[in-house]
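I have placed the structure first, in the form of structure tokens, so that the comments after it can refer back to it.
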Amino acid sequence: MEQFLNKVLSDAKRQSTVESQLVDSKAEILDAMYETLESGSQAISTVKDMMFNVRSEVKQLQPLASTVDLIRHELNGLVEEVEKLEGKMKFTYVCRSCGKPLLPEFKICPYCGEDSQLLRAPAPLISVDEHK
């Protein structure tokens, strides 16, 4: 009986050693899987934080974009007004006969044909207040 018990105990020790080695080899795999999941979780957390920051910045930029569009529209209007004023300043004389604007280098009015220098009068000046 003693031999039988010794054999069972030695078999149990051998089996527990094999099982222990098997568990140890599997534990390494499980540890590697855990580390991978942990680092993936940290990466996901970092990406979530970055997305939150990007969303916040986009929300802040949207009003700025509409303001820039409004300023661009107003600048285009100002450019048109300046071009109109430049066009009016280009014609410094008007024909007294027909009232059309004349360039200083014109000897005769291209609209009515009057050729006397006496028909030229300085164009009326428009103040900025009147223009608005």
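Residues in the structure tokens are numbered from 1 in each chain, the chains being A, B, ... in the order shown, and ligands are numbered from 1 in the order shown.
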
Quiz item: What residues in chain A get the DSSP label helix (DSSP H, G or I)? Please answer as number ranges by chain.
Solution: A: 2-90, 117-119, 128-131

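Within chain A, residues classed as strand (DSSP E or B) by DSSP on backbone coordinates are Tyr93, Val94, Cys95, Pro101, Leu102, Arg120, Ala121 and Pro122 of chain A.
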
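Between CA of Ser25 (chain A) and CA of Gln42 (chain A) lies a distance of 26.3 Å.
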
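For the atom pair formed by CA of Ala43 (chain A) and CA of Gln62 (chain A), the distance is 28.5 Å, given to one decimal.
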